[in-house]
Amino acid sequence: ALAFHLANRLASASMDSIQVMNIILEALEKSPTFRRDLRADIIAVRDRDPACAALPDVFLYFKGFHALQSYRVANYLWNSGRMTLAHYFQSQMSQNFQIDIHPKATLKSGIMIDHGTGVVIGETAVVGYNCSILHHVTLGGSGKRGVIRHPNIGDGALLGAGATILGNVHVGKGCQVGAGTLVIDDLPDHSVAVGVPAKIIGTYKTQEAQPARTMNQVGSKESESTIIPFMI
């Protein structure tokens, strides 16, 4: 069902839906992680997005989920040596969902891309397990070919709307990056950062905190009750 549904979104004049569907089915069959990852991704949306009424809604209508599964097909193709075909899926994903994820990027499972419009994730970026990414987030590069030039996002991080993270920087586990923040330096685990450039304004009270799961935005009462603020 996923292969059929995505194929109708990703087909074009140069590749019809049957051809696209067969490629997706191949990825589902041969990738060692694709099936597990998509199950974790769909559950992540159900559990974190209050606008999600039921699992079929995610499967049928949520373009962040669709783009993420399109990336997983492209990543399978890239790792199989079919770079040109992988770029086709990236191009169609960008045109149809307004989300651009390079096929070589590394995205773990349990990720939610909420709304999704304008999200850009570059070639050497890494996104850890159980992260949440809101619209217009950029994981951008700094440097030339042949080096790691994109961010590494730790498990359980929450990247707020419009956050821009540039270069080979590490955002630690359980971090929260506020909306509109520009990150150009490393952030330690469980820190809360806002501003341009980013300033750390607090840390989570427990090392087990995963703001990506609670989705409490910086400044809300729910968020403030779990954060130890710093004096700025």
# chains A, B, ... in the order shown; residues from 1 in each chain; ligands from 1
>>> residues_around(residues="A:Ala179", least_positions_apart="3", cutoff="10 Å", atoms="only C-alpha atoms", output="ChimeraX atom specification")
/A:134-137,158-164,176,182,193-195,217-218
>>> select_by_dssp(residues="stretch 65-176 of chain A", states="strand (DSSP E)", output="PyMOL selection string")
chain A and resi 100-101+106-107+112-113+120-121+126-127+132-133+138-140+152-153+158-159+164-166+170-171+176
>>> write_last_selection(atoms="N, CA, C and O atoms", output="short mmCIF file (atom, residue, chain, number, x, y, z; two decimals), in the first residue's frame")
data_model
loop_
_atom_site.label_atom_id
_atom_site.label_comp_id
_atom_site.auth_asym_id
_atom_site.auth_seq_id
_atom_site.Cartn_x
_atom_site.Cartn_y
_atom_site.Cartn_z
N ASP A 100 13.53 18.81 1.01
CA ASP A 100 14.71 18.37 0.25
C ASP A 100 15.69 17.66 1.18
O ASP A 100 16.31 18.30 2.03
N ILE A 101 15.80 16.35 1.02
CA ILE A 101 16.73 15.54 1.83
C ILE A 101 17.68 14.82 0.89
O ILE A 101 17.24 14.08 0.01
N THR A 106 22.11 10.69 6.61
CA THR A 106 21.79 9.58 7.50
C THR A 106 20.68 10.00 8.45
O THR A 106 20.89 10.86 9.31
N LEU A 107 19.51 9.41 8.28
CA LEU A 107 18.38 9.68 9.16
C LEU A 107 17.97 8.38 9.84
O LEU A 107 17.61 7.41 9.16
N MET A 112 9.99 12.49 13.28
CA MET A 112 8.80 13.18 12.80
C MET A 112 9.22 14.49 12.14
O MET A 112 9.92 15.30 12.75
N ILE A 113 8.80 14.68 10.89
CA ILE A 113 8.93 15.96 10.20
C ILE A 113 7.54 16.58 10.19
O ILE A 113 6.65 16.14 9.46
N VAL A 120 15.33 21.39 4.70
CA VAL A 120 16.48 21.04 3.86
C VAL A 120 17.49 20.31 4.73
O VAL A 120 17.90 20.82 5.78
N ILE A 121 17.89 19.10 4.29
CA ILE A 121 18.87 18.29 5.02
C ILE A 121 19.97 17.88 4.03
O ILE A 121 19.70 17.21 3.05
N VAL A 126 23.56 14.06 9.77
CA VAL A 126 23.12 12.90 10.51
C VAL A 126 22.02 13.35 11.47
O VAL A 126 22.20 14.33 12.21
N VAL A 127 20.88 12.65 11.45
CA VAL A 127 19.79 12.93 12.38
C VAL A 127 19.55 11.66 13.19
O VAL A 127 19.30 10.59 12.63
N SER A 132 12.46 15.26 16.35
CA SER A 132 11.33 15.96 15.75
C SER A 132 11.85 17.22 15.06
O SER A 132 12.62 17.99 15.66
N ILE A 133 11.41 17.41 13.82
CA ILE A 133 11.88 18.53 13.00
C ILE A 133 10.66 19.28 12.48
O ILE A 133 9.80 18.69 11.82
N THR A 138 16.76 24.03 8.44
CA THR A 138 17.86 23.79 7.51
C THR A 138 19.03 23.15 8.25
O THR A 138 19.52 23.71 9.25
N LEU A 139 19.47 22.00 7.77
CA LEU A 139 20.73 21.39 8.22
C LEU A 139 21.71 21.59 7.08
O LEU A 139 21.84 20.75 6.18
N GLY A 140 22.38 22.75 7.08
CA GLY A 140 23.15 23.19 5.92
C GLY A 140 24.64 22.94 6.04
O GLY A 140 25.16 22.71 7.14
N ASN A 152 25.39 17.16 12.89
CA ASN A 152 25.05 15.86 13.47
C ASN A 152 24.08 16.13 14.63
O ASN A 152 24.44 16.80 15.60
N ILE A 153 22.86 15.63 14.51
CA ILE A 153 21.81 15.90 15.49
C ILE A 153 21.64 14.66 16.38
O ILE A 153 21.39 13.57 15.89
N LEU A 158 14.79 18.25 19.50
CA LEU A 158 13.66 18.96 18.91
C LEU A 158 14.19 20.22 18.23
O LEU A 158 14.79 21.07 18.89
N LEU A 159 13.98 20.32 16.91
CA LEU A 159 14.43 21.48 16.14
C LEU A 159 13.20 22.31 15.78
O LEU A 159 12.35 21.89 14.99
N THR A 164 18.10 27.08 11.88
CA THR A 164 19.15 26.86 10.89
C THR A 164 20.41 26.40 11.61
O THR A 164 20.90 27.10 12.51
N ILE A 165 20.91 25.25 11.21
CA ILE A 165 22.10 24.67 11.84
C ILE A 165 23.12 24.45 10.73
O ILE A 165 22.85 23.71 9.77
N LEU A 166 24.27 25.11 10.82
CA LEU A 166 25.21 25.16 9.71
C LEU A 166 26.56 24.56 10.07
O LEU A 166 27.10 24.82 11.15
N HIS A 170 27.79 19.66 16.28
CA HIS A 170 27.05 18.58 16.94
C HIS A 170 26.01 19.17 17.88
O HIS A 170 26.34 19.96 18.77
N VAL A 171 24.77 18.79 17.66
CA VAL A 171 23.68 19.13 18.57
C VAL A 171 23.44 17.90 19.44
O VAL A 171 23.09 16.84 18.93
N GLN A 176 17.02 21.05 22.73
CA GLN A 176 15.92 21.78 22.13
C GLN A 176 16.46 23.06 21.51
O GLN A 176 17.07 23.89 22.19
#
>>> select_by_dssp(residues="stretch 110-225 of chain A", states="helix (DSSP H, G or I)", output="VMD selection string")
chain A and resid 211 to 214 221 to 224
>>> closest_residue(among="A:Ser94, A:Thr181, A:Thr124, A:Thr226", to="A:Ala198", atoms="only C-alpha atoms")
A:Thr181
>>> residues_around(residues="A:Ile201", least_positions_apart="6", cutoff="12 Å", atoms="only C-alpha atoms", output="number ranges by chain")
A: 175-178, 187-188, 190-195, 218-219, 224, 227-232
>>> write_last_selection(atoms="all heavy atoms", output="compact mmCIF listing (two decimals), in the first residue's frame")
# COMPACT_ATOMS: atom_id res chain seq x y z
N CYS A 175 18.55 17.79 23.01
CA CYS A 175 18.59 19.24 22.94
C CYS A 175 17.28 19.79 22.39
O CYS A 175 16.54 19.12 21.67
CB CYS A 175 19.73 19.70 22.02
SG CYS A 175 21.35 19.67 22.78
N GLN A 176 17.02 21.05 22.73
CA GLN A 176 15.92 21.78 22.13
C GLN A 176 16.46 23.06 21.51
O GLN A 176 17.07 23.89 22.19
CB GLN A 176 14.84 22.11 23.16
CG GLN A 176 13.64 22.81 22.53
CD GLN A 176 12.43 22.86 23.45
OE1 GLN A 176 12.49 22.37 24.58
NE2 GLN A 176 11.33 23.39 22.96
N VAL A 177 16.21 23.21 20.21
CA VAL A 177 16.64 24.39 19.48
C VAL A 177 15.38 25.19 19.15
O VAL A 177 14.49 24.71 18.44
CB VAL A 177 17.40 24.02 18.19
CG1 VAL A 177 17.80 25.27 17.42
CG2 VAL A 177 18.63 23.18 18.52
N GLY A 178 15.30 26.40 19.68
CA GLY A 178 14.09 27.20 19.54
C GLY A 178 13.84 27.67 18.11
O GLY A 178 14.75 27.68 17.27
N LEU A 187 26.31 22.14 20.62
CA LEU A 187 25.44 22.28 21.80
C LEU A 187 25.57 21.01 22.64
O LEU A 187 25.45 19.90 22.12
CB LEU A 187 23.98 22.45 21.37
CG LEU A 187 23.64 23.70 20.55
CD1 LEU A 187 22.16 23.68 20.16
CD2 LEU A 187 23.98 24.97 21.31
N PRO A 188 25.82 21.15 23.94
CA PRO A 188 25.95 19.96 24.80
C PRO A 188 24.61 19.25 24.98
O PRO A 188 23.54 19.82 24.75
CB PRO A 188 26.46 20.53 26.13
CG PRO A 188 26.05 21.97 26.11
CD PRO A 188 26.06 22.40 24.68
N HIS A 190 21.17 17.81 26.18
CA HIS A 190 20.06 18.28 27.01
C HIS A 190 20.06 19.79 27.24
O HIS A 190 19.49 20.26 28.22
CB HIS A 190 20.05 17.55 28.36
CG HIS A 190 20.06 16.06 28.21
ND1 HIS A 190 18.99 15.35 27.73
CD2 HIS A 190 21.05 15.15 28.46
CE1 HIS A 190 19.31 14.06 27.69
NE2 HIS A 190 20.54 13.91 28.13
N SER A 191 20.68 20.54 26.33
CA SER A 191 20.67 22.00 26.46
C SER A 191 19.52 22.60 25.67
O SER A 191 18.96 21.97 24.76
CB SER A 191 22.01 22.59 26.00
OG SER A 191 22.28 22.24 24.66
N VAL A 192 19.16 23.82 26.03
CA VAL A 192 18.10 24.57 25.35
C VAL A 192 18.74 25.83 24.79
O VAL A 192 19.36 26.61 25.53
CB VAL A 192 16.96 24.94 26.32
CG1 VAL A 192 15.86 25.70 25.59
CG2 VAL A 192 16.41 23.69 27.00
N ALA A 193 18.60 26.04 23.47
CA ALA A 193 19.27 27.16 22.82
C ALA A 193 18.28 27.97 22.00
O ALA A 193 17.40 27.41 21.33
CB ALA A 193 20.40 26.65 21.92
N VAL A 194 18.44 29.29 22.04
CA VAL A 194 17.62 30.19 21.23
C VAL A 194 18.49 31.35 20.75
O VAL A 194 19.56 31.61 21.31
CB VAL A 194 16.41 30.77 22.03
CG1 VAL A 194 15.47 29.66 22.48
CG2 VAL A 194 16.88 31.58 23.22
N GLY A 195 18.03 32.04 19.72
CA GLY A 195 18.67 33.28 19.30
C GLY A 195 19.53 33.16 18.06
O GLY A 195 19.74 32.09 17.51
N VAL A 218 9.81 26.10 23.47
CA VAL A 218 10.51 27.00 24.38
C VAL A 218 9.60 28.17 24.74
O VAL A 218 8.98 28.79 23.87
CB VAL A 218 11.80 27.53 23.73
CG1 VAL A 218 12.44 28.59 24.62
CG2 VAL A 218 12.79 26.40 23.51
N GLY A 219 9.51 28.46 26.03
CA GLY A 219 8.68 29.56 26.49
C GLY A 219 7.32 29.14 27.01
O GLY A 219 6.65 29.92 27.70
N GLU A 224 8.93 25.15 30.43
CA GLU A 224 9.66 25.80 31.52
C GLU A 224 9.69 24.95 32.79
O GLU A 224 10.63 25.02 33.57
CB GLU A 224 9.04 27.16 31.81
CG GLU A 224 9.29 28.18 30.71
CD GLU A 224 8.62 29.51 30.98
OE1 GLU A 224 7.84 29.58 31.95
OE2 GLU A 224 8.88 30.46 30.22
N ILE A 227 12.85 22.64 32.66
CA ILE A 227 14.15 23.23 32.32
C ILE A 227 14.71 24.00 33.50
O ILE A 227 14.00 24.72 34.21
CB ILE A 227 14.01 24.17 31.11
CG1 ILE A 227 13.63 23.36 29.85
CG2 ILE A 227 15.29 24.97 30.85
CD1 ILE A 227 13.26 24.23 28.67
N ILE A 228 16.02 23.87 33.73
CA ILE A 228 16.75 24.71 34.67
C ILE A 228 17.30 25.91 33.89
O ILE A 228 18.20 25.74 33.05
CB ILE A 228 17.90 23.95 35.33
CG1 ILE A 228 17.38 22.71 36.07
CG2 ILE A 228 18.67 24.86 36.29
CD1 ILE A 228 18.48 21.79 36.58
N PRO A 229 16.77 27.12 34.11
CA PRO A 229 17.24 28.26 33.31
C PRO A 229 18.62 28.76 33.75
O PRO A 229 18.99 28.63 34.91
CB PRO A 229 16.15 29.32 33.57
CG PRO A 229 15.64 28.96 34.93
CD PRO A 229 15.70 27.47 35.03
N PHE A 230 19.37 29.32 32.80
CA PHE A 230 20.65 29.94 33.08
C PHE A 230 20.45 31.44 33.11
O PHE A 230 19.59 31.98 32.44
CB PHE A 230 21.68 29.60 32.01
CG PHE A 230 22.06 28.14 31.95
CD1 PHE A 230 22.71 27.63 30.84
CD2 PHE A 230 21.77 27.27 32.99
CE1 PHE A 230 23.07 26.30 30.76
CE2 PHE A 230 22.13 25.94 32.93
CZ PHE A 230 22.78 25.45 31.82
N MET A 231 21.30 32.12 33.88
CA MET A 231 21.31 33.58 33.86
C MET A 231 22.09 34.04 32.65
O MET A 231 23.20 33.57 32.39
CB MET A 231 21.96 34.13 35.15
CG MET A 231 21.22 33.76 36.41
SD MET A 231 19.54 34.44 36.47
CE MET A 231 19.90 36.19 36.57
N ILE A 232 21.50 34.93 31.85
CA ILE A 232 22.16 35.42 30.63
C ILE A 232 22.66 36.84 30.87
O ILE A 232 21.93 37.69 31.35
CB ILE A 232 21.18 35.38 29.45
CG1 ILE A 232 20.72 33.94 29.20
CG2 ILE A 232 21.82 35.96 28.19
CD1 ILE A 232 19.70 33.82 28.08
>>> residues_around(residues="A:Gly64", least_positions_apart="3", cutoff="8 Å", atoms="only C-alpha atoms", output="VMD selection string")
chain A and resid 67 to 68 97 99 112 to 116
>>> write_last_selection(atoms="C-alpha atoms", output="mmCIF file, in the first residue's frame")
data_model
loop_
_atom_site.group_PDB
_atom_site.id
_atom_site.type_symbol
_atom_site.label_atom_id
_atom_site.label_comp_id
_atom_site.auth_asym_id
_atom_site.auth_seq_id
_atom_site.Cartn_x
_atom_site.Cartn_y
_atom_site.Cartn_z
ATOM 1 C CA ALA A 67 8.974 12.756 2.232
ATOM 2 C CA LEU A 68 10.803 10.759 4.889
ATOM 3 C CA PHE A 97 6.467 17.862 -0.821
ATOM 4 C CA ILE A 99 11.143 18.998 1.448
ATOM 5 C CA MET A 112 8.805 13.182 12.800
ATOM 6 C CA ILE A 113 8.928 15.962 10.203
ATOM 7 C CA ASP A 114 5.991 18.141 11.247
ATOM 8 C CA HIS A 115 4.350 20.168 8.446
ATOM 9 C CA GLY A 116 7.672 19.917 6.640
#
>>> atom_distance(atom1="atom CA of A:Gly118", atom2="atom CA of A:Met215")
19.4 Å
>>> atom_distance(atom1="atom CA of A:Phe62", atom2="atom CA of A:Ser80")
27.8 Å
>>> residues_around(residues="stretch 5-9 of chain A", least_positions_apart="6", cutoff="6 Å", atoms="only C-alpha atoms", output="tab-separated table (two decimals) with C-alpha atoms, in the first residue's frame")
chain	number	residue	atom	x	y	z
A	17	SER	CA	3.84	5.10	-11.30
A	20	VAL	CA	8.29	3.93	-9.29
A	21	MET	CA	6.20	1.43	-7.33
>>> residues_around(residues="stretch 141-144 of chain A", least_positions_apart="2", cutoff="6 Å", atoms="only C-alpha atoms", output="list in words")
Arg149, His150, Leu166 and Gly167 of chain A
>>> write_last_selection(atoms="N, CA and C atoms", output="PDB file, in the first residue's frame")
ATOM      1  N   ARG A 149      30.490  18.238   6.265  1.00  0.00           N
ATOM      2  CA  ARG A 149      30.216  19.672   6.254  1.00  0.00           C
ATOM      3  C   ARG A 149      28.812  20.023   6.748  1.00  0.00           C
ATOM      4  N   HIS A 150      28.092  19.032   7.275  1.00  0.00           N
ATOM      5  CA  HIS A 150      26.727  19.243   7.745  1.00  0.00           C
ATOM      6  C   HIS A 150      26.603  18.825   9.215  1.00  0.00           C
ATOM      7  N   LEU A 166      24.269  25.111  10.824  1.00  0.00           N
ATOM      8  CA  LEU A 166      25.209  25.159   9.709  1.00  0.00           C
ATOM      9  C   LEU A 166      26.558  24.560  10.067  1.00  0.00           C
ATOM     10  N   GLY A 167      27.084  23.755   9.149  1.00  0.00           N
ATOM     11  CA  GLY A 167      28.435  23.242   9.277  1.00  0.00           C
ATOM     12  C   GLY A 167      28.529  21.972  10.086  1.00  0.00           C
TER      13      GLY A 167
END
>>> atom_distance(atom1="atom CA of A:Leu25", atom2="atom CA of A:Asp37")
14.9 Å
